[in-house]
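Everything below concerns the one structure shown next.
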Amino acid sequence: EFRRVLFRSDRLQSQMRQPDGLGRADTDEFIVWAQASFDASQANAWAGRLGQCLQQPCLINGVELRFTVSIGIARLADSLDAPGLLAHSLDALVIARRAGGGVHCVYEPGMDRQVQAQIEMQRDLRQALAGDELSLHYQPKLHADGLGLAGVEALLRWRHPVRGPVSPADFIPVAERFGLIGELGQWVLDAACRQMQAWQAQGLTLAVAVNLSAHQLRQPDLVQRVADALARHGIPPQQLILEITESAAMDDIDASLKVFDGLAAVGVKLSIDDFGTGYSSLSYLRRLPARQLKIDRSFVGDLESSRDAQAIVEAVIRMAHALGLSVVAEGVETVGQSDTLRQLGCDELQGYLFAKPMAEAQLATWLQAREAAPGSGAAEVAAGMAAGVDGAKQASEAPLA
């Protein structure tokens, strides 16, 4: 037992930074405290590294031992004082153990009232990752000039065998809380590349946008994961667009710059998603090797009623073009919004006005219908409204974050 404790403490010490601290709380429990400002995604990434380190096998007296590691995480901002911080981390640890062990869980105020439902959902989500319950839907993006197809965005969907469709707004927060968001992100990346490979075999070259979570952005091997996925499926890098939210990109700008440079070197196209909702510094923005900005849907939704929204969108488009970036507007739902965006010089349009997110088979039918009636932009817009606006408010389109 003493050797096992020494092994664990040595492994933990190897992951510590100054002025982090380490202590032993019980026979098989350790306390790690970090004097740094962590958000949930950073805490998840750090816990993931600790878990991977401790779960590596070790030899004691010639016997190979493996450990299952459960981690509970709490932040001072949610706990008010040191005793509360410790209590909340233990609460999160209990939840991680009740979830089956081998996971980490971030404490959030009020989560004790939702514990059982969250535990059940994360167990079901693990089964979904191992089975065939997850799928990708694809929402077309059109060139503003002429409404030609510019590409599609891949959006994650989960159909539970009992509950039916589960909204990303419900399962993504659970995936983040229980450390599953990295696995989900990898699943989406692999599935998108596999679909591009299938389209390629059919003679269809289609750019696909995939969303990266804040957790993935902090994975030390993200660049290699992306390069491996492209090579495994034989996909030209320029066909893959990686969308990263403005808030995630600006959270740790030095780390983001390093990752963006690595991804740009692979050859993929980088896009800043939800632009306008974060706190970008223009000096940093011009250093990021991004090729595209996506205007957040909240500005697009107000275009017809707010002159302020129009002014902001116009300023974003002009700034992006001055920096050599193309601009995509998401959440386009009316002809008025579409016309205004075209007049302001927006490059690509995406939203229920044109098409809703579709399964691959539905997308194929949609593409065939467009080929059968080339150049009928107005008719396509009307058809898109009839097909898509019904469900516009029924489900979150949050892809992975």
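Here, A, B, ... name the chains of the structure tokens in the order displayed, residue numbers run from 1 inside each chain, and ligands are numbered from 1 in the same displayed order.
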Env of Ser283 in chain A: 12 Å cut, atoms = only C-alpha atoms, seq-sep filter 4 positions within chain, self excluded. Answer as a PyMOL selection string. chain A and resi 250+253+279+287-288+323
Write out the residues from the selection above, keeping N, CA, C and O atoms, as a short mmCIF file (atom, residue, chain, number, x, y, z; two decimals), in the first residue's frame.
data_model
loop_
_atom_site.label_atom_id
_atom_site.label_comp_id
_atom_site.auth_asym_id
_atom_site.auth_seq_id
_atom_site.Cartn_x
_atom_site.Cartn_y
_atom_site.Cartn_z
N MET A 250 -9.80 33.41 -27.89
CA MET A 250 -9.20 34.53 -27.16
C MET A 250 -8.96 34.23 -25.69
O MET A 250 -8.38 35.05 -24.99
N ILE A 253 -4.66 33.42 -25.51
CA ILE A 253 -4.29 33.80 -26.86
C ILE A 253 -2.96 33.20 -27.28
O ILE A 253 -2.78 32.80 -28.43
N TYR A 279 -14.60 39.04 -26.81
CA TYR A 279 -13.87 40.28 -26.55
C TYR A 279 -12.54 40.26 -27.31
O TYR A 279 -11.47 40.27 -26.72
N ARG A 287 -3.20 38.50 -35.97
CA ARG A 287 -2.09 37.54 -35.89
C ARG A 287 -2.55 36.11 -36.07
O ARG A 287 -1.75 35.23 -36.37
N LEU A 288 -3.85 35.85 -35.87
CA LEU A 288 -4.36 34.49 -36.03
C LEU A 288 -4.43 34.14 -37.52
O LEU A 288 -4.95 34.92 -38.31
N LEU A 323 -8.65 42.57 -43.59
CA LEU A 323 -7.68 41.60 -43.07
C LEU A 323 -7.54 40.38 -43.97
O LEU A 323 -6.83 39.44 -43.64
#
From a DSSP pass on the backbone, collect the residues of range 159-192 of chain A flagged as helix (DSSP H, G or I) and hand them back as number ranges by chain. A: 168-177, 181-192
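Shortest separation to Arg232 in chain A among A:Leu22, A:Leu189, A:Val313, A:Ala373 occurs at residue A:Leu189, atoms counted being only C-alpha atoms.
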Can you tell me which residues surround Ala227 in chain A at a distance of at most 12 Å, considering only C-alpha atoms, apart from same-chain residues fewer than 2 positions away, and format the answer as an MDAnalysis selection string? chainID A and resid 189:190 193 221:225 229:238 240 262:268
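Minimum atom-to-atom distances from A:Gln139, A:Ala372, A:Leu155, A:Gln42 to Gly331 in chain A were compared using only C-alpha atoms, and the lowest value belongs to A:Gln139.
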Shell of 9 Å around Ser213 in chain A, only C-alpha atoms, local chain residues under 4 positions omitted, as a list of chain:residue names: A:Ser41, A:Ile181, A:Gly182, A:Gly185, A:Leu217, A:Arg218, A:Glu243, A:Ile244, A:Thr245, A:Ala248, A:Leu400, A:Ala401
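Of the listed residues (A:Leu134, A:Ile119, A:Val300, A:Val103), A:Leu134 comes nearest to Pro165 in chain A; the distances count only C-alpha atoms.
For the choices A:Arg286, A:Arg157, A:Arg291, A:Arg342, the atom-to-atom distance to Leu129 in chain A is smallest for A:Arg157 when using only C-alpha atoms.
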Would you list the contacts of Val94 in chain A as a ChimeraX atom specification, taking every protein, DNA or RNA residue within 12 Å and counting only C-alpha atoms, but skipping same-chain residues closer than 6 positions in sequence? /A:29,70-73,87-88,100-107,112,115-116,119
Export of prior selection with all heavy atoms as a compact mmCIF listing (two decimals), in the first residue's frame:
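Once everything was written out, this is result11.txt:
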# COMPACT_ATOMS: atom_id res chain seq x y z
N GLU A 29 -7.05 8.95 -1.66
CA GLU A 29 -7.47 10.26 -2.16
C GLU A 29 -6.34 11.28 -1.99
O GLU A 29 -5.67 11.32 -0.97
CB GLU A 29 -8.72 10.76 -1.44
CG GLU A 29 -9.97 9.95 -1.73
CD GLU A 29 -11.18 10.50 -0.99
OE1 GLU A 29 -11.03 11.51 -0.27
OE2 GLU A 29 -12.27 9.92 -1.12
N SER A 70 -10.72 8.59 -10.51
CA SER A 70 -11.88 9.49 -10.55
C SER A 70 -11.43 10.84 -9.99
O SER A 70 -10.72 10.89 -8.99
CB SER A 70 -13.03 8.94 -9.70
OG SER A 70 -13.45 7.68 -10.20
N ILE A 71 -11.85 11.91 -10.63
CA ILE A 71 -11.40 13.25 -10.24
C ILE A 71 -12.61 14.17 -10.09
O ILE A 71 -13.48 14.23 -10.96
CB ILE A 71 -10.44 13.84 -11.29
CG1 ILE A 71 -9.20 12.93 -11.44
CG2 ILE A 71 -10.00 15.24 -10.90
CD1 ILE A 71 -8.26 13.36 -12.55
N GLY A 72 -12.66 14.87 -8.96
CA GLY A 72 -13.67 15.90 -8.74
C GLY A 72 -13.00 17.27 -8.77
O GLY A 72 -11.95 17.46 -8.17
N ILE A 73 -13.61 18.22 -9.47
CA ILE A 73 -13.01 19.53 -9.68
C ILE A 73 -13.97 20.61 -9.18
O ILE A 73 -15.17 20.56 -9.42
CB ILE A 73 -12.74 19.78 -11.17
CG1 ILE A 73 -11.92 18.64 -11.77
CG2 ILE A 73 -12.03 21.12 -11.39
CD1 ILE A 73 -11.94 18.62 -13.29
N ALA A 87 -15.21 21.06 -0.07
CA ALA A 87 -16.46 20.31 -0.02
C ALA A 87 -17.03 20.08 -1.42
O ALA A 87 -17.49 18.99 -1.75
CB ALA A 87 -17.48 21.06 0.85
N HIS A 88 -16.97 21.11 -2.24
CA HIS A 88 -17.52 20.98 -3.59
C HIS A 88 -16.69 20.04 -4.45
O HIS A 88 -17.23 19.32 -5.30
CB HIS A 88 -17.62 22.36 -4.24
CG HIS A 88 -18.69 23.22 -3.63
ND1 HIS A 88 -18.71 24.59 -3.74
CD2 HIS A 88 -19.79 22.89 -2.90
CE1 HIS A 88 -19.77 25.07 -3.11
NE2 HIS A 88 -20.44 24.06 -2.60
N GLY A 100 -19.51 5.72 -12.42
CA GLY A 100 -18.84 4.51 -12.87
C GLY A 100 -17.34 4.54 -12.71
O GLY A 100 -16.66 3.55 -12.99
N GLY A 101 -16.78 5.68 -12.28
CA GLY A 101 -15.34 5.77 -12.08
C GLY A 101 -14.60 5.95 -13.39
O GLY A 101 -15.15 5.78 -14.48
N GLY A 102 -13.34 6.35 -13.25
CA GLY A 102 -12.53 6.56 -14.44
C GLY A 102 -12.87 7.82 -15.21
O GLY A 102 -12.51 7.98 -16.37
N VAL A 103 -13.60 8.75 -14.57
CA VAL A 103 -14.00 10.00 -15.23
C VAL A 103 -13.66 11.17 -14.30
O VAL A 103 -13.32 10.98 -13.14
CB VAL A 103 -15.51 10.03 -15.56
CG1 VAL A 103 -15.88 8.87 -16.45
CG2 VAL A 103 -16.36 10.00 -14.29
N HIS A 104 -13.77 12.37 -14.82
CA HIS A 104 -13.67 13.56 -13.97
C HIS A 104 -14.93 14.38 -14.13
O HIS A 104 -15.61 14.34 -15.16
CB HIS A 104 -12.42 14.38 -14.27
CG HIS A 104 -12.26 14.79 -15.70
ND1 HIS A 104 -11.58 14.03 -16.63
CD2 HIS A 104 -12.70 15.89 -16.36
CE1 HIS A 104 -11.58 14.64 -17.79
NE2 HIS A 104 -12.27 15.77 -17.67
N CYS A 105 -15.24 15.11 -13.09
CA CYS A 105 -16.49 15.87 -13.05
C CYS A 105 -16.21 17.25 -12.47
O CYS A 105 -15.53 17.38 -11.45
CB CYS A 105 -17.53 15.14 -12.21
SG CYS A 105 -19.09 16.03 -12.01
N VAL A 106 -16.73 18.30 -13.12
CA VAL A 106 -16.56 19.67 -12.65
C VAL A 106 -17.80 20.07 -11.86
O VAL A 106 -18.93 19.93 -12.34
CB VAL A 106 -16.36 20.63 -13.84
CG1 VAL A 106 -16.19 22.06 -13.34
CG2 VAL A 106 -15.15 20.21 -14.66
N TYR A 107 -17.58 20.57 -10.64
CA TYR A 107 -18.70 21.02 -9.80
C TYR A 107 -19.31 22.28 -10.40
O TYR A 107 -18.60 23.18 -10.85
CB TYR A 107 -18.23 21.31 -8.37
CG TYR A 107 -19.33 21.91 -7.52
CD1 TYR A 107 -20.25 21.08 -6.87
CD2 TYR A 107 -19.47 23.29 -7.39
CE1 TYR A 107 -21.28 21.63 -6.10
CE2 TYR A 107 -20.50 23.84 -6.63
CZ TYR A 107 -21.40 23.01 -5.99
OH TYR A 107 -22.41 23.55 -5.24
N ASP A 112 -26.11 19.28 -7.59
CA ASP A 112 -26.56 18.19 -6.73
C ASP A 112 -28.04 17.88 -6.93
O ASP A 112 -28.48 16.76 -6.69
CB ASP A 112 -26.28 18.52 -5.26
CG ASP A 112 -26.82 19.87 -4.84
OD1 ASP A 112 -26.94 20.75 -5.71
OD2 ASP A 112 -27.14 20.04 -3.66
N VAL A 115 -28.11 15.56 -10.15
CA VAL A 115 -27.04 14.56 -10.23
C VAL A 115 -27.47 13.29 -10.94
O VAL A 115 -26.80 12.84 -11.87
CB VAL A 115 -26.52 14.23 -8.81
CG1 VAL A 115 -25.67 12.97 -8.84
CG2 VAL A 115 -25.70 15.38 -8.28
N GLN A 116 -28.57 12.70 -10.52
CA GLN A 116 -28.93 11.41 -11.06
C GLN A 116 -29.22 11.47 -12.56
O GLN A 116 -28.79 10.61 -13.33
CB GLN A 116 -30.16 10.85 -10.33
CG GLN A 116 -30.41 9.36 -10.59
CD GLN A 116 -29.20 8.49 -10.29
OE1 GLN A 116 -28.55 8.64 -9.25
NE2 GLN A 116 -28.86 7.57 -11.19
N ILE A 119 -25.88 11.79 -14.35
CA ILE A 119 -25.14 10.53 -14.34
C ILE A 119 -25.72 9.58 -15.39
O ILE A 119 -24.98 8.93 -16.15
CB ILE A 119 -25.18 9.89 -12.94
CG1 ILE A 119 -24.29 10.68 -11.98
CG2 ILE A 119 -24.73 8.43 -12.99
CD1 ILE A 119 -24.38 10.22 -10.54
Between A:Glu153, A:Asp91, A:Asp228, A:Asp347, smallest distance to Ala329 in chain A by only C-alpha atoms belongs to A:Asp347
